[in-house]
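> Dropping a structure here in structure tokens format, bear with me for questions.
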Amino acid sequence: MAISVQVRTFTGTTETTCTHPAVAAVCSRAANEKLPLLGLIDPYDDTVFNCSQLRALIPELRALANDSAADEAEAVRGILALTAQVERQPHRYLVFNGD
């Protein structure tokens, strides 16, 4: 199962993508830890977060990064870079694109 993470505009245009192979492992671990947002990523469909929801998602990502293997921590850093882009520009969404 592959999960990529994208920054999309409100029109659906993809601006940036993170395809790190450990993204699926990060999402699986979040589900096992029952994290309220990251733990509900659908591995088979799109899960979309807006800028307001990032206020809750970013601390979940940081907590996972602090207690992760190197490859998972690298994937989380890639996702966090995308969250920064969503926060900087209006009408952007963070999309976890399931397989």
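Residue names in the structure tokens use chain letters A, B, ... in the order shown, residue numbers from 1 in each chain, and ligand numbers from 1 in the order shown.
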Skipping near chain neighbours, those fewer than 3 positions away, what residues fall within 12 Å of Leu64 (chain A) using only C-alpha atoms, listed as a PyMOL selection string?
chain A and resi 23+25-35+38-39+57-61+67-77+79-80
> Restrict the selected residues to N, CA, C and O atoms and save them as a CSV table (one decimal), in the first residue's frame.

chain,number,residue,atom,x,y,z
A,23,VAL,N,5.6,6.8,4.4
A,23,VAL,CA,4.4,7.6,4.7
A,23,VAL,C,3.3,6.6,5.2
A,23,VAL,O,2.6,6.8,6.2
A,25,ALA,N,3.7,3.7,6.6
A,25,ALA,CA,4.1,3.2,8.0
A,25,ALA,C,3.7,4.3,9.0
A,25,ALA,O,3.3,3.9,10.1
A,26,VAL,N,4.0,5.5,8.7
A,26,VAL,CA,3.6,6.6,9.7
A,26,VAL,C,2.1,6.6,9.9
A,26,VAL,O,1.7,6.7,11.1
A,27,CYS,N,1.4,6.5,8.9
A,27,CYS,CA,-0.1,6.5,9.0
A,27,CYS,C,-0.6,5.3,9.8
A,27,CYS,O,-1.5,5.4,10.6
A,28,SER,N,0.0,4.1,9.5
A,28,SER,CA,-0.4,2.9,10.2
A,28,SER,C,0.0,3.0,11.7
A,28,SER,O,-0.9,2.6,12.6
A,29,ARG,N,1.1,3.6,12.0
A,29,ARG,CA,1.5,3.8,13.4
A,29,ARG,C,0.5,4.7,14.1
A,29,ARG,O,0.1,4.5,15.3
A,30,ALA,N,0.2,5.8,13.4
A,30,ALA,CA,-0.8,6.8,14.0
A,30,ALA,C,-2.1,6.1,14.2
A,30,ALA,O,-2.8,6.4,15.2
A,31,ALA,N,-2.6,5.2,13.4
A,31,ALA,CA,-3.8,4.5,13.6
A,31,ALA,C,-3.7,3.6,14.8
A,31,ALA,O,-4.6,3.5,15.6
A,32,ASN,N,-2.6,2.9,14.9
A,32,ASN,CA,-2.4,2.0,16.1
A,32,ASN,C,-2.4,2.8,17.4
A,32,ASN,O,-2.8,2.3,18.4
A,33,GLU,N,-1.9,4.1,17.4
A,33,GLU,CA,-1.8,4.9,18.5
A,33,GLU,C,-3.1,5.7,18.7
A,33,GLU,O,-3.2,6.5,19.6
A,34,LYS,N,-4.1,5.5,17.8
A,34,LYS,CA,-5.4,6.1,17.8
A,34,LYS,C,-5.3,7.7,17.9
A,34,LYS,O,-6.0,8.3,18.6
A,35,LEU,N,-4.4,8.2,17.1
A,35,LEU,CA,-4.3,9.7,17.0
A,35,LEU,C,-5.6,10.2,16.3
A,35,LEU,O,-6.0,9.6,15.3
A,38,LEU,N,-4.5,12.1,12.3
A,38,LEU,CA,-3.5,11.3,11.5
A,38,LEU,C,-3.9,9.8,11.5
A,38,LEU,O,-3.7,9.0,10.6
A,39,GLY,N,-4.5,9.4,12.6
A,39,GLY,CA,-4.9,8.0,12.8
A,39,GLY,C,-6.1,7.6,11.9
A,39,GLY,O,-6.4,6.4,11.8
A,57,LEU,N,-3.2,18.6,13.4
A,57,LEU,CA,-2.4,17.6,12.8
A,57,LEU,C,-0.9,17.7,13.0
A,57,LEU,O,-0.2,16.8,13.2
A,58,ILE,N,-0.4,19.0,13.0
A,58,ILE,CA,1.0,19.2,13.1
A,58,ILE,C,1.6,18.7,14.4
A,58,ILE,O,2.6,18.0,14.4
A,59,PRO,N,0.9,18.9,15.6
A,59,PRO,CA,1.5,18.3,16.8
A,59,PRO,C,1.5,16.8,16.8
A,59,PRO,O,2.4,16.2,17.3
A,60,GLU,N,0.5,16.2,16.1
A,60,GLU,CA,0.5,14.7,16.0
A,60,GLU,C,1.7,14.3,15.2
A,60,GLU,O,2.4,13.3,15.5
A,61,LEU,N,2.0,15.0,14.1
A,61,LEU,CA,3.2,14.6,13.3
A,61,LEU,C,4.5,14.8,14.0
A,61,LEU,O,5.3,13.9,14.0
A,67,ASP,N,9.5,10.0,18.1
A,67,ASP,CA,9.6,8.6,18.6
A,67,ASP,C,9.5,7.7,17.4
A,67,ASP,O,8.8,6.7,17.4
A,68,SER,N,10.3,8.0,16.3
A,68,SER,CA,10.3,7.2,15.1
A,68,SER,C,11.6,6.7,14.7
A,68,SER,O,12.7,7.3,15.1
A,69,ALA,N,11.6,5.6,13.9
A,69,ALA,CA,12.8,5.2,13.2
A,69,ALA,C,13.2,6.3,12.2
A,69,ALA,O,12.4,7.1,11.9
A,70,ALA,N,14.4,6.2,11.8
A,70,ALA,CA,15.0,7.2,10.9
A,70,ALA,C,14.2,7.4,9.6
A,70,ALA,O,13.9,8.6,9.2
A,71,ASP,N,13.7,6.3,9.0
A,71,ASP,CA,13.0,6.5,7.7
A,71,ASP,C,11.6,7.1,8.0
A,71,ASP,O,11.1,8.0,7.2
A,72,GLU,N,10.9,6.8,9.1
A,72,GLU,CA,9.6,7.4,9.4
A,72,GLU,C,9.8,8.8,9.8
A,72,GLU,O,9.0,9.7,9.4
A,73,ALA,N,10.9,9.2,10.5
A,73,ALA,CA,11.1,10.6,10.9
A,73,ALA,C,11.4,11.4,9.6
A,73,ALA,O,10.9,12.5,9.5
A,74,GLU,N,12.1,10.8,8.7
A,74,GLU,CA,12.3,11.5,7.4
A,74,GLU,C,11.0,11.8,6.6
A,74,GLU,O,10.8,12.9,6.1
A,75,ALA,N,10.1,10.8,6.6
A,75,ALA,CA,8.8,10.9,6.0
A,75,ALA,C,8.0,12.0,6.7
A,75,ALA,O,7.4,12.9,6.0
A,76,VAL,N,8.0,12.0,8.0
A,76,VAL,CA,7.3,13.1,8.8
A,76,VAL,C,7.8,14.5,8.4
A,76,VAL,O,7.1,15.4,8.2
A,77,ARG,N,9.1,14.6,8.3
A,77,ARG,CA,9.7,15.9,8.0
A,77,ARG,C,9.3,16.3,6.6
A,77,ARG,O,9.0,17.5,6.4
A,79,ILE,N,6.4,15.6,5.2
A,79,ILE,CA,5.0,16.0,5.4
A,79,ILE,C,4.9,17.3,6.1
A,79,ILE,O,4.1,18.2,5.7
A,80,LEU,N,5.7,17.6,7.1
A,80,LEU,CA,5.7,18.8,7.8
A,80,LEU,C,6.1,20.0,6.8
A,80,LEU,O,5.6,21.1,6.9
> When DSSP works through the backbone of this structure, what residues of chain A end up as strand (DSSP E or B), shown as a VMD selection string?
chain A and resid 4 to 9 14 to 18 46 to 49 92 to 97
> Taking only C-alpha atoms into account, which of A:Ala24, A:Gly12, A:Thr17, A:His91 comes nearest Pro43 (chain A)?
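Of all the options, A:Ala24 lies closest to Pro43 (chain A).
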> Would you give me, as a PyMOL selection string, the residues in chain A that DSSP reads as alpha helix (DSSP H)?
chain A and resi 23-32+51-66+70-88
> Near Ala84 (chain A), counting only C-alpha atoms, which residues have an atom at most 12 Å away, once you skip same-chain residues fewer than 4 positions from it, shown as a PyMOL selection string?
chain A and resi 7+16+51+54-55+57-58+77-80+88-90+92-94
> Residues of the last selection are to be written out with N, CA and C atoms, as a PDB file, in the first residue's frame.

ATOM      1  N   VAL A   7       0.074  18.771  -1.752  1.00  0.00           N
ATOM      2  CA  VAL A   7      -0.528  20.080  -1.530  1.00  0.00           C
ATOM      3  C   VAL A   7      -1.358  20.351  -2.774  1.00  0.00           C
ATOM      4  N   THR A  16       2.642  20.183  -4.998  1.00  0.00           N
ATOM      5  CA  THR A  16       3.817  19.501  -4.464  1.00  0.00           C
ATOM      6  C   THR A  16       3.397  18.129  -3.967  1.00  0.00           C
ATOM      7  N   CYS A  51      -6.378  24.222   6.285  1.00  0.00           N
ATOM      8  CA  CYS A  51      -5.413  24.956   7.102  1.00  0.00           C
ATOM      9  C   CYS A  51      -5.785  24.934   8.591  1.00  0.00           C
ATOM     10  N   LEU A  54      -4.838  21.728  10.304  1.00  0.00           N
ATOM     11  CA  LEU A  54      -3.398  21.526  10.490  1.00  0.00           C
ATOM     12  C   LEU A  54      -2.947  21.886  11.902  1.00  0.00           C
ATOM     13  N   ARG A  55      -3.680  22.781  12.573  1.00  0.00           N
ATOM     14  CA  ARG A  55      -3.305  23.139  13.952  1.00  0.00           C
ATOM     15  C   ARG A  55      -3.331  21.921  14.865  1.00  0.00           C
ATOM     16  N   LEU A  57      -3.203  18.630  13.440  1.00  0.00           N
ATOM     17  CA  LEU A  57      -2.433  17.590  12.763  1.00  0.00           C
ATOM     18  C   LEU A  57      -0.929  17.742  12.986  1.00  0.00           C
ATOM     19  N   ILE A  58      -0.433  18.965  12.952  1.00  0.00           N
ATOM     20  CA  ILE A  58       1.007  19.195  13.076  1.00  0.00           C
ATOM     21  C   ILE A  58       1.571  18.674  14.406  1.00  0.00           C
ATOM     22  N   ARG A  77       9.148  14.585   8.347  1.00  0.00           N
ATOM     23  CA  ARG A  77       9.746  15.887   7.995  1.00  0.00           C
ATOM     24  C   ARG A  77       9.265  16.346   6.614  1.00  0.00           C
ATOM     25  N   GLY A  78       9.151  15.412   5.691  1.00  0.00           N
ATOM     26  CA  GLY A  78       8.640  15.748   4.365  1.00  0.00           C
ATOM     27  C   GLY A  78       7.196  16.228   4.413  1.00  0.00           C
ATOM     28  N   ILE A  79       6.389  15.562   5.236  1.00  0.00           N
ATOM     29  CA  ILE A  79       4.984  15.973   5.385  1.00  0.00           C
ATOM     30  C   ILE A  79       4.909  17.337   6.057  1.00  0.00           C
ATOM     31  N   LEU A  80       5.719  17.552   7.078  1.00  0.00           N
ATOM     32  CA  LEU A  80       5.722  18.846   7.768  1.00  0.00           C
ATOM     33  C   LEU A  80       6.113  19.982   6.828  1.00  0.00           C
ATOM     34  N   ARG A  88       1.271  28.792   4.410  1.00  0.00           N
ATOM     35  CA  ARG A  88       1.768  30.043   3.819  1.00  0.00           C
ATOM     36  C   ARG A  88       0.856  30.596   2.732  1.00  0.00           C
ATOM     37  N   GLN A  89       0.150  29.728   2.034  1.00  0.00           N
ATOM     38  CA  GLN A  89      -0.621  30.171   0.879  1.00  0.00           C
ATOM     39  C   GLN A  89      -2.111  29.907   1.095  1.00  0.00           C
ATOM     40  N   PRO A  90      -2.953  30.833   0.686  1.00  0.00           N
ATOM     41  CA  PRO A  90      -4.398  30.640   0.885  1.00  0.00           C
ATOM     42  C   PRO A  90      -4.967  29.562  -0.044  1.00  0.00           C
ATOM     43  N   ARG A  92      -5.223  26.280   0.118  1.00  0.00           N
ATOM     44  CA  ARG A  92      -4.433  25.084  -0.118  1.00  0.00           C
ATOM     45  C   ARG A  92      -4.889  24.002   0.855  1.00  0.00           C
ATOM     46  N   TYR A  93      -4.717  22.750   0.451  1.00  0.00           N
ATOM     47  CA  TYR A  93      -5.132  21.609   1.269  1.00  0.00           C
ATOM     48  C   TYR A  93      -4.016  20.584   1.294  1.00  0.00           C
ATOM     49  N   LEU A  94      -3.878  19.917   2.421  1.00  0.00           N
ATOM     50  CA  LEU A  94      -2.954  18.807   2.548  1.00  0.00           C
ATOM     51  C   LEU A  94      -3.763  17.539   2.300  1.00  0.00           C
TER      52      LEU A  94
END
